[in-house]
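Asker: Sharing a structure below in structure tokens format, with a few things to ask.
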There are 2 protein chains.
Amino acid sequence: MSRLIDELRKLPGIGTKSAQRLAFHILRSSDADARALADAILVLREKLRLCSICNNITDVDPCGYCSSAVRDQHIVCVVEEPTNIATIEKTRSYNGVYHVLHGTLSPIGGVGPEQLRIANLLTRLTPAAMPDLDSILAPAPDDNRTIREIILATSPTTEGEATAAYLAVEIRRIVPTLRVTRIATGVPAGSDIEYADEVTMTRAMEGRRDF
Amino acid sequence: MSRLIDELRKLPGIGTKSAQRLAFHILRSSDADARALADAILVLREKLRLCSICNNITDVDPCGYCSSAVRDQHIVCVVEEPTNIATIEKTRSYNGVYHVLHGTLSPIGGVGPEQLRIANLLTRLTPAAMPDLDSILAPAPDDNRTIREIILATSPTTEGEATAAYLAVEIRRIVPTLRVTRIATGVPAGSDIEYADEVTMTRAMEGRRDF
């Protein structure tokens with residue numbers, strides 16, 4: 001019993017009291033329920049992996065986005081973390097696919113390009129070099145997976161900007177004509193410009209668009 | 001003495017204690033100092049007015065921006081309040097002039113286009129209709145005050161967006177070819193996209209720019 005409590009306490013947001021409550025619940029539940037929970041944990045852990053195309057966390061490889069026939073496989077949105085995909089999906093305005101870097105460049109933190117999942121982003125630019133996935137992938141609408149646009153959606157932080165700048169150079173080195181875009185930095189929706197800091201306001205002015 | 005304390009207490013951020021302290025200070029100060037303070041208040045109040053061109057608060061008409069020979073008189077940045085000018089000036093990246101609306105459209109609050117300083121913005125679009133200011137205004141570098149761009153820098157709030165949309169229509173009605181731009185809405189600089197709300201993230205994606 002105390003072993004289970006100790007294990008449960010390792011979960012985020014679960015203290016000793018919660019762990020005890022959960023452990024007692026499991027103790028009182030049926031044999032089948034306890035086994036189903038344990039099994040689900042094992043199966044998840046065993047099955048979870050990174051998508052070999054986009055590095056998103058997935059239980060099938062390639063992931064649901066990369067194998068989707070309804071999503072636009074020509075636009076790739078590059079994000080820092082798998083959780084960023086949820087942020088962008090919530091907008092319900094993006095129908096392309098993703099590429100997860102699993103971090104940002106951080107010379108101080110010892111994170112260089114090799115520590116990020118950049119290599120297989122660059123591979124995606126030249127489909128001929130891609131592993132033979134035709135058998136498992138649903139064909140794109142026009143049976144062509146050539147990338148037409150890379151959206152760099154790293155955060156507008158120092159590290160995020162540096163990462164975006166690095167990627168833009170590397171991408172252009174491989175496909176000089178590819179459209180590479182950066183998400184807009186500016187005053188957040190619903191906010192008064194009075195509260196905008198100088199850098200944000202500068203970017204909002206520089207990034208102004210024809211109305 | 002109590003009359004001065006009462007008057008001082010009407011100032012923002014000044015309570016009874018502060019008002020007493022200020023009043024005692026004035027009591028102890030020299031005759032000349034007291035008179036200088038009183039004079040400064042009267043002169044400021046008497047002299048302060050709205051710039052007849054841009055509606056900024058000023059003690060000379062036209063204001064320093066509108067009469068400046070070094071600022072670009074061809075670009076007008078439309079803001080809600082005089083304080084917004086300081087926000088934009090702090091960026092040190094804008095060298096055009098301004099137009100202060102003194103509010104935003106708010107049907108619920110009973111603020112229609114007539115309550116805002118829109119009329120003299122539209123007048124500015126057709127310099128021939130402007131009052132004869134040539135004698136007081138420093139000549140623009142190319143001796144020509146034709147507006148080439150209007151930047152709508154109202155806040156990305158419901159009222160600010162409605163005001164910008166209204167102005168764009170009105171401006172185009174008078175000069176259909178004039179460049180009308182809107183400041184960028186997006187993820188604020190230094191912020192993680194994880195904290196961006198859905199509307200901001202949608203606008204950041206839609207407003208992406210070529211890198």
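To be explicit about the labels: the chains of the structure tokens are called A, B, and onward in the order shown, and within each one the residues are counted from 1, while ligands get numbers from 1 in the order they are shown.
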Please identify the strand (DSSP E) residues within region 1-210 of chain A (assignment by DSSP from backbone atoms) and present them as a PyMOL selection string.

Answerer: chain A and resi 49-50+57-58+72-79+96-100+149-152+179-182+209-210

Asker: At a cut-off of 7 Å, which residues of chain A touch chain B? Count only C-alpha atoms and give the answer as a CSV table (one decimal) with C-alpha atoms, in the first residue's frame.

Answerer:
chain,number,residue,atom,x,y,z
A,84,ASN,CA,2.0,23.9,-28.7
A,87,THR,CA,-2.6,25.8,-28.7
A,88,ILE,CA,-2.7,26.1,-32.5
A,90,LYS,CA,-7.7,25.4,-30.6
A,91,THR,CA,-7.7,28.2,-33.1
A,93,SER,CA,-8.0,28.0,-38.3
A,155,SER,CA,7.6,31.6,-29.3
A,156,PRO,CA,8.7,35.3,-29.7
A,157,THR,CA,11.1,34.8,-26.9
A,158,THR,CA,14.9,35.3,-27.3
A,179,ARG,CA,8.1,30.2,-48.6
A,180,VAL,CA,9.2,30.6,-44.9
A,181,THR,CA,6.9,32.6,-42.7
A,182,ARG,CA,6.9,33.7,-39.0
A,183,ILE,CA,3.8,34.1,-36.8
A,184,ALA,CA,2.9,37.7,-36.0
A,185,THR,CA,4.2,39.4,-32.9
A,186,GLY,CA,2.0,42.2,-31.7
A,187,VAL,CA,-0.5,43.5,-29.2
A,188,PRO,CA,-2.6,40.5,-28.0
A,189,ALA,CA,-6.3,40.5,-29.0
A,190,GLY,CA,-8.5,42.2,-26.4
A,191,SER,CA,-5.6,44.1,-24.8
A,192,ASP,CA,-5.2,47.9,-24.7
A,193,ILE,CA,-2.0,49.2,-26.5
A,194,GLU,CA,-1.4,51.2,-23.3
A,198,GLU,CA,8.2,48.7,-26.2
A,199,VAL,CA,9.4,45.7,-28.1
A,200,THR,CA,5.9,44.4,-28.7
A,201,MET,CA,4.7,47.9,-29.8
A,202,THR,CA,7.7,48.2,-32.1
A,204,ALA,CA,3.2,45.7,-33.9
A,205,MET,CA,4.1,48.9,-35.8
A,207,GLY,CA,4.3,44.3,-38.7
A,208,ARG,CA,1.4,46.5,-39.7
A,209,ARG,CA,-0.7,45.1,-42.5
A,210,ASP,CA,-2.8,46.7,-45.2
A,211,PHE,CA,-6.3,46.9,-43.9

Asker: Over every C-alpha pair, in sequence order, do a least-squares fit of chain A onto chain B and save the fitted chain as a short mmCIF file (atom, residue, chain, number, x, y, z; two decimals) with C-alpha atoms, in the first residue's frame.

Answerer:
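To be explicit, this is the file written out as result.cif:
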data_model
loop_
_atom_site.label_atom_id
_atom_site.label_comp_id
_atom_site.auth_asym_id
_atom_site.auth_seq_id
_atom_site.Cartn_x
_atom_site.Cartn_y
_atom_site.Cartn_z
CA MET A 1 -5.60 76.23 4.87
CA SER A 2 -8.40 73.65 4.88
CA ARG A 3 -9.59 75.01 1.56
CA LEU A 4 -6.19 74.30 -0.04
CA ILE A 5 -6.13 70.81 1.52
CA ASP A 6 -9.57 70.13 0.06
CA GLU A 7 -8.42 71.29 -3.38
CA LEU A 8 -5.21 69.27 -3.27
CA ARG A 9 -7.14 66.16 -2.26
CA LYS A 10 -9.00 66.30 -5.56
CA LEU A 11 -5.75 65.47 -7.39
CA PRO A 12 -5.30 61.82 -8.32
CA GLY A 13 -3.23 59.83 -5.84
CA ILE A 14 -3.34 62.56 -3.18
CA GLY A 15 -5.12 61.61 0.05
CA THR A 16 -5.78 63.74 3.13
CA LYS A 17 -2.33 63.06 4.64
CA SER A 18 -0.47 63.93 1.44
CA ALA A 19 -2.64 67.00 0.93
CA GLN A 20 -1.79 68.22 4.45
CA ARG A 21 1.92 67.62 3.87
CA LEU A 22 1.79 69.53 0.58
CA ALA A 23 -0.22 72.38 2.13
CA PHE A 24 2.27 72.73 5.00
CA HIS A 25 5.13 72.74 2.51
CA ILE A 26 3.48 75.55 0.56
CA LEU A 27 2.82 77.41 3.84
CA ARG A 28 6.51 77.24 4.74
CA SER A 29 7.78 78.13 1.24
CA SER A 30 8.60 81.65 0.14
CA ASP A 31 6.00 84.03 -1.22
CA ALA A 32 7.64 83.87 -4.65
CA ASP A 33 7.58 80.07 -4.76
CA ALA A 34 3.90 79.87 -3.83
CA ARG A 35 3.02 82.49 -6.42
CA ALA A 36 5.11 80.70 -9.09
CA LEU A 37 3.25 77.44 -8.45
CA ALA A 38 -0.16 79.11 -8.59
CA ASP A 39 0.84 80.97 -11.75
CA ALA A 40 2.13 77.81 -13.44
CA ILE A 41 -1.21 76.11 -12.78
CA LEU A 42 -3.15 79.04 -14.21
CA VAL A 43 -0.91 79.49 -17.24
CA LEU A 44 -0.94 75.78 -18.07
CA ARG A 45 -4.71 75.61 -17.80
CA GLU A 46 -5.12 78.76 -19.82
CA LYS A 47 -2.67 77.73 -22.55
CA LEU A 48 -3.50 74.07 -22.88
CA ARG A 49 -5.64 73.22 -25.84
CA LEU A 50 -6.09 70.59 -28.52
CA CYS A 51 -3.92 70.86 -31.60
CA SER A 52 -6.20 72.02 -34.43
CA ILE A 53 -4.63 69.46 -36.77
CA CYS A 54 -4.16 66.28 -34.71
CA ASN A 55 -6.14 66.94 -31.48
CA ASN A 56 -3.13 66.16 -29.30
CA ILE A 57 -3.00 68.16 -26.05
CA THR A 58 -0.58 70.99 -26.62
CA ASP A 59 0.39 74.45 -25.41
CA VAL A 60 1.18 75.66 -28.92
CA ASP A 61 -1.08 75.23 -31.90
CA PRO A 62 -0.25 73.36 -34.11
CA CYS A 63 1.53 70.95 -31.76
CA GLY A 64 5.20 70.03 -31.91
CA TYR A 65 4.57 66.95 -34.04
CA CYS A 66 2.39 68.68 -36.64
CA SER A 67 4.77 71.62 -36.99
CA SER A 68 7.94 69.53 -37.04
CA ALA A 69 10.13 69.70 -40.12
CA VAL A 70 12.00 66.51 -39.18
CA ARG A 71 8.97 64.27 -38.75
CA ASP A 72 7.41 62.56 -41.74
CA GLN A 73 4.19 64.48 -42.36
CA HIS A 74 3.06 61.88 -44.92
CA ILE A 75 2.32 59.15 -42.36
CA VAL A 76 -0.44 59.63 -39.79
CA CYS A 77 -0.83 57.24 -36.86
CA VAL A 78 -4.39 57.31 -35.48
CA VAL A 79 -4.62 56.68 -31.71
CA GLU A 80 -7.43 56.66 -29.16
CA GLU A 81 -5.96 58.92 -26.47
CA PRO A 82 -3.14 61.48 -26.16
CA THR A 83 -1.33 59.08 -23.75
CA ASN A 84 -1.07 56.51 -26.56
CA ILE A 85 1.35 58.87 -28.32
CA ALA A 86 3.82 58.36 -25.48
CA THR A 87 3.49 54.58 -25.84
CA ILE A 88 4.38 54.78 -29.51
CA GLU A 89 7.09 57.42 -29.05
CA LYS A 90 8.83 55.13 -26.54
CA THR A 91 9.43 52.63 -29.33
CA ARG A 92 11.72 55.20 -31.00
CA SER A 93 10.85 53.54 -34.29
CA TYR A 94 8.10 55.85 -35.54
CA ASN A 95 8.81 59.20 -37.13
CA GLY A 96 5.46 60.15 -38.59
CA VAL A 97 2.72 62.30 -37.07
CA TYR A 98 -0.44 61.49 -35.12
CA HIS A 99 -4.18 61.93 -34.95
CA VAL A 100 -5.97 61.61 -31.60
CA LEU A 101 -9.60 60.43 -31.66
CA HIS A 102 -10.24 61.06 -27.94
CA GLY A 103 -12.08 57.77 -27.52
CA THR A 104 -13.45 54.82 -29.44
CA LEU A 105 -16.80 54.05 -30.97
CA SER A 106 -19.03 52.50 -28.33
CA PRO A 107 -22.71 52.10 -29.23
CA ILE A 108 -23.45 50.88 -25.68
CA GLY A 109 -21.66 53.86 -24.14
CA GLY A 110 -23.44 56.22 -26.53
CA VAL A 111 -20.27 57.18 -28.40
CA GLY A 112 -20.90 57.53 -32.11
CA PRO A 113 -18.65 58.93 -34.85
CA GLU A 114 -19.85 62.47 -34.01
CA GLN A 115 -18.48 62.19 -30.48
CA LEU A 116 -14.99 61.37 -31.76
CA ARG A 117 -12.52 63.66 -33.50
CA ILE A 118 -13.00 61.98 -36.85
CA ALA A 119 -14.14 64.98 -38.93
CA ASN A 120 -10.75 66.70 -38.88
CA LEU A 121 -8.99 63.41 -39.68
CA LEU A 122 -10.98 63.20 -42.89
CA THR A 123 -10.21 66.87 -43.60
CA ARG A 124 -6.49 66.06 -43.38
CA LEU A 125 -6.88 63.66 -46.29
CA THR A 126 -7.65 66.51 -48.66
CA PRO A 127 -5.04 69.20 -47.91
CA ALA A 128 -6.82 71.75 -50.08
CA ALA A 129 -9.62 71.80 -47.52
CA MET A 130 -7.20 72.42 -44.65
CA PRO A 131 -7.08 75.85 -43.02
CA ASP A 132 -4.26 78.01 -44.25
CA LEU A 133 -1.46 76.98 -41.94
CA ASP A 134 1.40 77.55 -44.34
CA SER A 135 2.46 80.66 -42.53
CA ILE A 136 2.88 78.89 -39.18
CA LEU A 137 3.87 75.40 -40.28
CA ALA A 138 7.44 74.51 -41.09
CA PRO A 139 7.42 73.31 -44.68
CA ALA A 140 7.55 69.53 -45.02
CA PRO A 141 10.83 68.34 -46.63
CA ASP A 142 9.25 68.16 -50.05
CA ASP A 143 6.89 71.05 -49.34
CA ASN A 144 3.92 68.71 -49.60
CA ARG A 145 1.68 67.43 -46.84
CA THR A 146 -0.21 64.81 -48.84
CA ILE A 147 -0.86 61.81 -46.62
CA ARG A 148 0.53 58.55 -47.99
CA GLU A 149 -0.36 56.16 -45.19
CA ILE A 150 -2.80 56.06 -42.29
CA ILE A 151 -1.83 53.66 -39.52
CA LEU A 152 -4.85 52.67 -37.44
CA ALA A 153 -3.29 52.17 -34.00
CA THR A 154 -6.44 51.82 -31.92
CA SER A 155 -6.27 48.98 -29.39
CA PRO A 156 -7.20 45.45 -30.53
CA THR A 157 -10.24 45.53 -28.24
CA THR A 158 -13.83 45.21 -29.48
CA GLU A 159 -14.27 49.00 -29.52
CA GLY A 160 -10.82 49.64 -30.97
CA GLU A 161 -11.36 47.15 -33.80
CA ALA A 162 -14.79 48.56 -34.57
CA THR A 163 -13.35 52.07 -34.66
CA ALA A 164 -10.53 50.99 -36.97
CA ALA A 165 -12.98 49.24 -39.32
CA TYR A 166 -15.24 52.30 -39.41
CA LEU A 167 -12.32 54.63 -40.13
CA ALA A 168 -10.98 52.40 -42.90
CA VAL A 169 -14.33 52.59 -44.70
CA GLU A 170 -14.64 56.36 -44.24
CA ILE A 171 -11.05 57.02 -45.35
CA ARG A 172 -11.42 54.83 -48.45
CA ARG A 173 -14.63 56.65 -49.31
CA ILE A 174 -12.63 59.89 -49.61
CA VAL A 175 -9.31 58.62 -50.99
CA PRO A 176 -9.88 55.08 -52.33
CA THR A 177 -6.23 54.49 -53.12
CA LEU A 178 -4.75 55.60 -49.79
CA ARG A 179 -2.70 53.00 -47.93
CA VAL A 180 -4.53 52.18 -44.69
CA THR A 181 -2.73 49.83 -42.29
CA ARG A 182 -3.50 48.25 -38.94
CA ILE A 183 -0.96 47.53 -36.18
CA ALA A 184 -0.19 43.84 -35.68
CA THR A 185 -2.14 41.74 -33.22
CA GLY A 186 -0.19 38.74 -31.95
CA VAL A 187 1.76 37.10 -29.18
CA PRO A 188 3.49 39.83 -27.16
CA ALA A 189 7.30 39.92 -27.30
CA GLY A 190 8.92 37.84 -24.58
CA SER A 191 5.78 35.81 -23.96
CA ASP A 192 5.41 32.05 -24.43
CA ILE A 193 2.76 31.06 -26.99
CA GLU A 194 1.49 28.67 -24.29
CA TYR A 195 -0.14 31.69 -22.61
CA ALA A 196 -1.71 33.11 -25.77
CA ASP A 197 -5.50 33.04 -25.83
CA GLU A 198 -7.32 31.61 -28.83
CA VAL A 199 -8.13 34.93 -30.51
CA THR A 200 -4.56 36.19 -30.16
CA MET A 201 -3.15 32.91 -31.46
CA THR A 202 -5.57 32.94 -34.39
CA ARG A 203 -4.49 36.49 -35.25
CA ALA A 204 -0.82 35.56 -34.82
CA MET A 205 -1.23 32.69 -37.31
CA GLU A 206 -3.30 34.73 -39.78
CA GLY A 207 -0.91 37.65 -39.52
CA ARG A 208 2.22 35.60 -40.11
CA ARG A 209 4.84 37.33 -42.20
CA ASP A 210 7.49 36.10 -44.58
CA PHE A 211 10.64 35.58 -42.58
#

Asker: Quick one: pick out all helix (DSSP H, G or I) residues within chain B from a backbone DSSP run and write them as an MDAnalysis selection string.

Answerer: chainID B and resid 2:9 16:28 31:47 82:89 113:115 119:125 127:129 158:174 193:195 198:206
